[in-house]
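Heads up, structure-v7.cif below (mmCIF, C-alpha atoms):
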data_input
loop_
_atom_site.label_atom_id
_atom_site.label_comp_id
_atom_site.auth_asym_id
_atom_site.auth_seq_id
_atom_site.Cartn_x
_atom_site.Cartn_y
_atom_site.Cartn_z
CA ASP A 1 -15.69 -17.86 6.26
CA GLU A 2 -12.90 -20.41 5.76
CA ILE A 3 -14.36 -21.58 2.43
CA GLY A 4 -14.71 -17.94 1.39
CA MET A 5 -11.08 -17.22 2.25
CA SER A 6 -10.02 -20.32 0.33
CA TYR A 7 -11.77 -19.02 -2.80
CA ASN A 8 -10.33 -15.56 -2.19
CA ASN A 9 -6.78 -16.92 -1.97
CA ARG A 10 -7.35 -18.56 -5.36
CA GLY A 11 -8.51 -15.23 -6.79
CA GLU A 12 -12.15 -16.31 -7.13
CA ARG A 13 -13.58 -13.14 -5.59
CA SER A 14 -17.20 -13.69 -6.60
CA LYS A 15 -17.40 -17.11 -4.95
CA ALA A 16 -15.59 -15.78 -1.87
CA PHE A 17 -18.15 -13.00 -1.56
CA ASP A 18 -21.05 -15.48 -1.79
CA TYR A 19 -19.67 -17.60 1.05
CA PHE A 20 -18.97 -14.57 3.27
CA LYS A 21 -22.55 -13.43 2.69
CA GLN A 22 -23.89 -16.87 3.63
CA ALA A 23 -21.78 -16.88 6.80
CA LEU A 24 -23.15 -13.58 8.14
CA PRO A 25 -26.62 -14.73 9.33
CA LEU A 26 -24.96 -17.75 10.98
CA ARG A 27 -22.93 -15.49 13.21
CA SER A 28 -24.19 -14.44 16.63
CA GLU A 29 -23.65 -11.27 18.63
CA ALA A 30 -22.70 -13.62 21.45
CA ASP A 31 -19.50 -14.21 19.43
CA PRO A 32 -18.46 -10.62 18.62
CA VAL A 33 -15.00 -11.61 17.37
CA GLY A 34 -16.40 -14.17 14.93
CA LEU A 35 -19.05 -11.72 13.77
CA ALA A 36 -16.38 -9.04 13.32
CA ASN A 37 -14.30 -11.43 11.19
CA THR A 38 -17.23 -12.09 8.86
CA LEU A 39 -18.12 -8.40 8.62
CA SER A 40 -14.50 -7.55 7.87
CA ASN A 41 -14.36 -10.24 5.16
CA LEU A 42 -17.54 -8.87 3.57
CA GLY A 43 -16.07 -5.38 3.66
CA MET A 44 -12.89 -6.53 1.97
CA ALA A 45 -14.91 -8.46 -0.62
CA HIS A 46 -16.62 -5.19 -1.60
CA ALA A 47 -13.26 -3.39 -1.57
CA TRP A 48 -11.73 -6.02 -3.90
CA ILE A 49 -14.25 -5.09 -6.59
CA GLY A 50 -13.76 -1.36 -5.97
CA ASP A 51 -17.02 -0.78 -4.09
CA ASN A 52 -15.50 1.05 -1.13
CA ALA A 53 -18.75 2.85 -0.26
CA LYS A 54 -20.33 -0.51 0.56
CA ALA A 55 -17.13 -1.86 2.13
CA LEU A 56 -16.83 0.83 4.80
CA PRO A 57 -20.01 0.10 6.86
CA TYR A 58 -18.99 -3.55 7.21
CA MET A 59 -15.45 -2.64 8.28
CA GLU A 60 -16.67 0.03 10.72
CA GLN A 61 -19.10 -2.43 12.33
CA ALA A 62 -16.25 -4.94 12.65
CA VAL A 63 -13.98 -2.44 14.42
CA ALA A 64 -16.76 -1.43 16.81
CA LEU A 65 -17.30 -5.09 17.78
CA LEU A 66 -13.58 -5.64 18.42
CA ARG A 67 -13.11 -2.63 20.71
CA GLY A 68 -12.04 -3.75 24.16
CA LYS A 69 -11.89 -7.43 23.18
CA GLY A 70 -8.09 -7.65 23.20
CA GLU A 71 -7.97 -8.39 19.47
CA LEU A 72 -5.55 -5.57 18.76
CA GLN A 73 -3.92 -7.16 15.70
CA LYS A 74 -7.27 -7.69 13.96
CA GLU A 75 -8.51 -4.27 15.03
CA SER A 76 -5.43 -2.50 13.66
CA THR A 77 -5.60 -4.42 10.37
CA ILE A 78 -9.24 -3.48 9.80
CA LEU A 79 -8.48 0.16 10.67
CA SER A 80 -5.71 0.10 8.07
CA ASN A 81 -8.19 -1.27 5.50
CA ILE A 82 -10.67 1.47 6.45
CA CYS A 83 -7.91 4.02 5.86
CA VAL A 84 -7.30 2.72 2.33
CA ALA A 85 -11.03 2.57 1.51
CA GLN A 86 -11.59 6.14 2.73
CA ARG A 87 -8.54 7.33 0.81
CA ASP A 88 -9.90 5.78 -2.38
CA LEU A 89 -13.21 7.55 -1.76
CA GLY A 90 -11.39 10.87 -1.37
CA GLN A 91 -12.16 11.09 2.37
CA TYR A 92 -8.60 12.05 3.20
CA LYS A 93 -9.11 13.50 6.69
CA LYS A 94 -11.04 10.43 7.84
CA ALA A 95 -8.49 8.18 6.16
CA LEU A 96 -5.63 9.78 8.09
CA GLU A 97 -7.56 9.44 11.35
CA ALA A 98 -8.11 5.73 10.73
CA CYS A 99 -4.44 5.27 9.82
CA GLU A 100 -3.33 7.10 12.96
CA GLN A 101 -5.47 4.78 15.11
CA SER A 102 -4.08 1.75 13.29
CA LEU A 103 -0.50 3.02 13.63
CA LYS A 104 -0.89 3.57 17.37
CA THR A 105 -2.18 0.04 17.89
CA LYS A 106 0.47 -1.56 15.69
CA ARG A 107 3.17 0.20 17.67
CA GLU A 108 1.60 -0.98 20.94
CA ILE A 109 1.74 -4.62 19.84
CA GLY A 110 5.08 -4.33 18.02
CA ALA A 111 3.70 -5.23 14.57
CA LYS A 112 6.59 -3.72 12.65
CA ASN A 113 5.65 -4.79 9.11
CA GLY A 114 2.12 -3.55 9.65
CA GLU A 115 3.50 -0.30 11.01
CA ALA A 116 5.51 0.22 7.82
CA THR A 117 2.44 -0.46 5.67
CA VAL A 118 0.38 2.12 7.55
CA LEU A 119 3.17 4.70 7.35
CA ASN A 120 3.33 4.15 3.57
CA ASN A 121 -0.43 4.61 3.31
CA MET A 122 -0.26 7.83 5.33
CA ALA A 123 2.58 9.10 3.16
CA ASN A 124 0.63 8.39 -0.01
CA ILE A 125 -2.42 10.22 1.35
CA VAL A 126 -0.55 13.40 2.31
CA ALA A 127 1.44 13.27 -0.93
CA GLY A 128 -1.84 13.18 -2.81
CA LEU A 129 -2.79 16.32 -0.92
CA GLY A 130 0.45 17.99 -2.03
CA ASP A 131 2.26 17.86 1.34
CA TYR A 132 5.45 16.24 0.05
CA GLN A 133 7.52 17.12 3.12
CA LYS A 134 5.12 15.31 5.42
CA ALA A 135 5.06 12.42 2.97
CA LEU A 136 8.85 12.25 3.15
CA ASP A 137 8.67 12.15 6.94
CA PHE A 138 6.36 9.12 6.82
CA TYR A 139 8.39 7.36 4.10
CA ASN A 140 11.59 7.89 6.09
CA GLN A 141 9.95 6.34 9.16
CA ALA A 142 8.90 3.30 7.10
CA LEU A 143 12.25 2.75 5.38
CA PRO A 144 14.32 1.47 8.36
CA ILE A 145 11.51 -0.91 9.31
CA HIS A 146 11.64 -2.52 5.86
CA LYS A 147 15.43 -2.73 6.08
CA LEU A 148 15.44 -4.32 9.55
CA SER A 149 12.80 -6.88 8.58
CA GLY A 150 14.62 -7.81 5.38
CA ASP A 151 11.65 -6.78 3.23
CA ARG A 152 13.63 -5.96 0.11
CA GLN A 153 10.60 -5.26 -2.05
CA GLY A 154 9.14 -2.92 0.58
CA GLU A 155 12.52 -1.19 0.84
CA GLY A 156 12.66 -0.69 -2.92
CA VAL A 157 9.11 0.66 -3.11
CA VAL A 158 9.69 3.15 -0.28
CA LEU A 159 13.00 4.34 -1.77
CA ASN A 160 11.19 4.82 -5.08
CA ASN A 161 8.56 6.90 -3.29
CA ILE A 162 11.19 8.96 -1.45
CA ALA A 163 12.85 9.69 -4.79
CA TRP A 164 9.48 10.63 -6.30
CA ALA A 165 8.81 13.09 -3.45
CA ASN A 166 12.22 14.70 -3.96
CA ALA A 167 11.44 15.06 -7.66
CA GLU A 168 8.23 16.88 -6.73
CA PHE A 169 10.48 19.45 -5.00
CA GLY A 170 12.42 19.79 -8.26
CA GLU A 171 15.47 18.01 -6.81
CA TYR A 172 15.95 15.79 -9.86
CA GLU A 173 19.61 14.88 -9.31
CA LYS A 174 18.91 13.80 -5.74
CA ALA A 175 15.87 11.86 -6.95
CA ILE A 176 17.97 9.99 -9.54
CA GLU A 177 20.50 9.06 -6.86
CA ILE A 178 17.77 7.62 -4.64
CA TYR A 179 16.10 5.84 -7.56
CA HIS A 180 19.39 4.03 -8.18
CA GLN A 181 19.38 2.97 -4.52
CA ALA A 182 15.85 1.64 -5.04
CA LEU A 183 16.98 -0.45 -8.02
CA GLN A 184 19.36 -2.56 -5.94
CA PRO A 185 16.82 -4.44 -3.81
CA MET A 186 14.45 -4.81 -6.76
CA ARG A 187 17.21 -6.41 -8.83
CA GLU A 188 18.22 -8.66 -5.95
CA ILE A 189 14.73 -10.16 -5.79
CA GLY A 190 14.24 -10.13 -9.57
CA TYR A 191 11.10 -7.99 -9.41
CA LYS A 192 10.88 -6.91 -13.06
CA TYR A 193 7.87 -4.65 -12.69
CA GLY A 194 9.57 -2.71 -9.89
CA ILE A 195 12.79 -2.44 -11.88
CA ALA A 196 10.92 -1.15 -14.92
CA MET A 197 8.94 1.37 -12.87
CA ILE A 198 12.10 2.80 -11.32
CA LEU A 199 14.02 2.90 -14.61
CA SER A 200 11.11 4.76 -16.18
CA ASN A 201 11.13 7.24 -13.30
CA ILE A 202 14.87 7.77 -13.70
CA GLY A 203 14.29 8.46 -17.39
CA VAL A 204 11.66 11.09 -16.59
CA ASN A 205 14.04 12.85 -14.21
CA TYR A 206 16.86 12.83 -16.76
CA ALA A 207 14.41 14.44 -19.18
CA HIS A 208 13.69 17.16 -16.60
CA LEU A 209 17.44 17.80 -16.50
CA LYS A 210 17.46 17.91 -20.33
CA GLU A 211 19.77 14.87 -20.42
CA TYR A 212 17.72 13.30 -23.18
CA ARG A 213 20.23 10.63 -24.23
CA LYS A 214 20.29 9.18 -20.71
CA ALA A 215 16.51 9.43 -20.54
CA LEU A 216 16.22 7.46 -23.78
CA GLU A 217 18.64 4.80 -22.47
CA MET A 218 16.43 4.27 -19.42
CA HIS A 219 13.27 3.91 -21.48
CA LEU A 220 14.94 1.48 -23.90
CA GLU A 221 16.01 -0.62 -20.93
CA VAL A 222 12.40 -0.67 -19.76
CA LEU A 223 11.30 -1.95 -23.16
CA ARG A 224 13.89 -4.73 -23.01
CA LEU A 225 12.48 -5.90 -19.67
CA ARG A 226 8.88 -6.16 -20.93
CA PRO A 227 7.46 -6.65 -17.42
CA GLU A 228 3.95 -7.88 -16.86
CA LYS A 229 1.48 -5.45 -15.29
CA ASP A 230 1.50 -5.55 -11.51
CA ASP A 231 -0.62 -3.79 -8.88
CA ARG A 232 1.91 -3.41 -6.09
CA GLU A 233 1.98 0.19 -5.08
CA GLY A 234 4.76 2.54 -6.00
CA ARG A 235 4.77 6.09 -7.26
CA GLY A 236 5.92 7.26 -10.61
#
Can I see the file as structure tokens?
Amino acid sequence: DEIGMSYNNRGERSKAFDYFKQALPLRSEADPVGLANTLSNLGMAHAWIGDNAKALPYMEQAVALLRGKGELQKESTILSNICVAQRDLGQYKKALEACEQSLKTKREIGAKNGEATVLNNMANIVAGLGDYQKALDFYNQALPIHKLSGDRQGEGVVLNNIAWANAEFGEYEKAIEIYHQALQPMREIGYKYGIAMILSNIGVNYAHLKEYRKALEMHLEVLRLRPEKDDREGRG
């Protein structure tokens, strides 16, 4: 498992997967926590390559083994990963149930950053289902956690998502105001991709308001940034 994680941290997913697979038969049911770790790693290895259908059984076995073992942090993390995998498979009801279990556990153990991550995931799921008000409720619960922990990138992403949800209600001026709030932490940390994403979103909202000159200014500023592609999640 450790060698597999080492390869994973270097981005060598295929080699990581091979080592996780080799570790599985070496694990014993007499060590349920160790077995759960390997199963979870195998599940994530499948998720990394987009094979969530194969990832889920491994993750679900891992959670079952951890129940009642006092490994609440690990259990809540795997539940959060199950939530994301089920969301990506379009199993939204199951995804929300897994997220709710994860959220409850994270709150019990005081894992604030993890709590914010789960709230963001829940918001994205219900937003995808068209329930923007519920999404806003979840985003607004996550925002103060990011602020208190000093997670400036997380704060910027959530503010971007709050602005996006307001735009879905047709409140474009309010959305623009919140997008500008989101820019501040992104600029402080020099996160070019986040800055570009938000500027582009501001431009779209100016276009909705028929303020085309301002919209063009935003898009030209995006072109000047020329950010590299990034996979950190934000809506736009």
Taken to one decimal, the CA of Asn160 in chain A-CA of Ala85 in chain A distance is 23.3 Å
Residues within 12 Å of Gly170 in chain A, all atoms listed in the file, excluding chain neighbours under 6 positions, as a list in words:
Tyr132, Ala163, Trp164, Ile176, Asn205, Tyr206, His208 and Leu209 of chain A
Apply the PyMOL selection byres ((chain A and resi 109-123) around 9) to the structure shown and report the selected residues as an MDAnalysis selection string.
chainID A and resid 72:73 76:77 80 83:84 87 95:96 99:100 102:108 124:128 131:132 134:139 141:146 149 151 154 158
Option closest in space to Leu65 in chain A, from A:Gln91, A:Leu35, A:Met44, A:Gly130 [counting only C-alpha atoms]
A:Leu35
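Atom pair CA of Asn166 in chain A / CA of Leu79 in chain A: separated by 29.2 Å.
Atom to atom, CA of Ile162 in chain A and CA of Lys93 in chain A stand 22.3 Å apart.
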Minimum-distance residue to Pro32 in chain A, chosen among A:Gly156, A:Gly70, A:Gly190, A:Gly50 (using only C-alpha atoms):
A:Gly70
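The shortest atom-to-atom distance to Lys54 in chain A, with all atoms listed in the file taken into account, belongs to A:Leu89 out of A:Leu216, A:Leu66, A:Leu89, A:Ile78.
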A:Glu155, A:Glu97, A:Glu71, A:Glu217 ranked by distance to Tyr179 in chain A, top pick (using all atoms listed in the file):
A:Glu155
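With only C-alpha atoms as the atoms that count, the minimum distance from Arg67 in chain A to the choices A:Ala47, A:Val33, A:Ile82, A:Ile202 is reached by A:Val33.
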Could you list the residues chosen by the PyMOL selection byres ((chain A and resi 223) around 12) in this structure as a PyMOL selection string?
chain A and resi 192-193+195-197+199-200+216-222+224-228
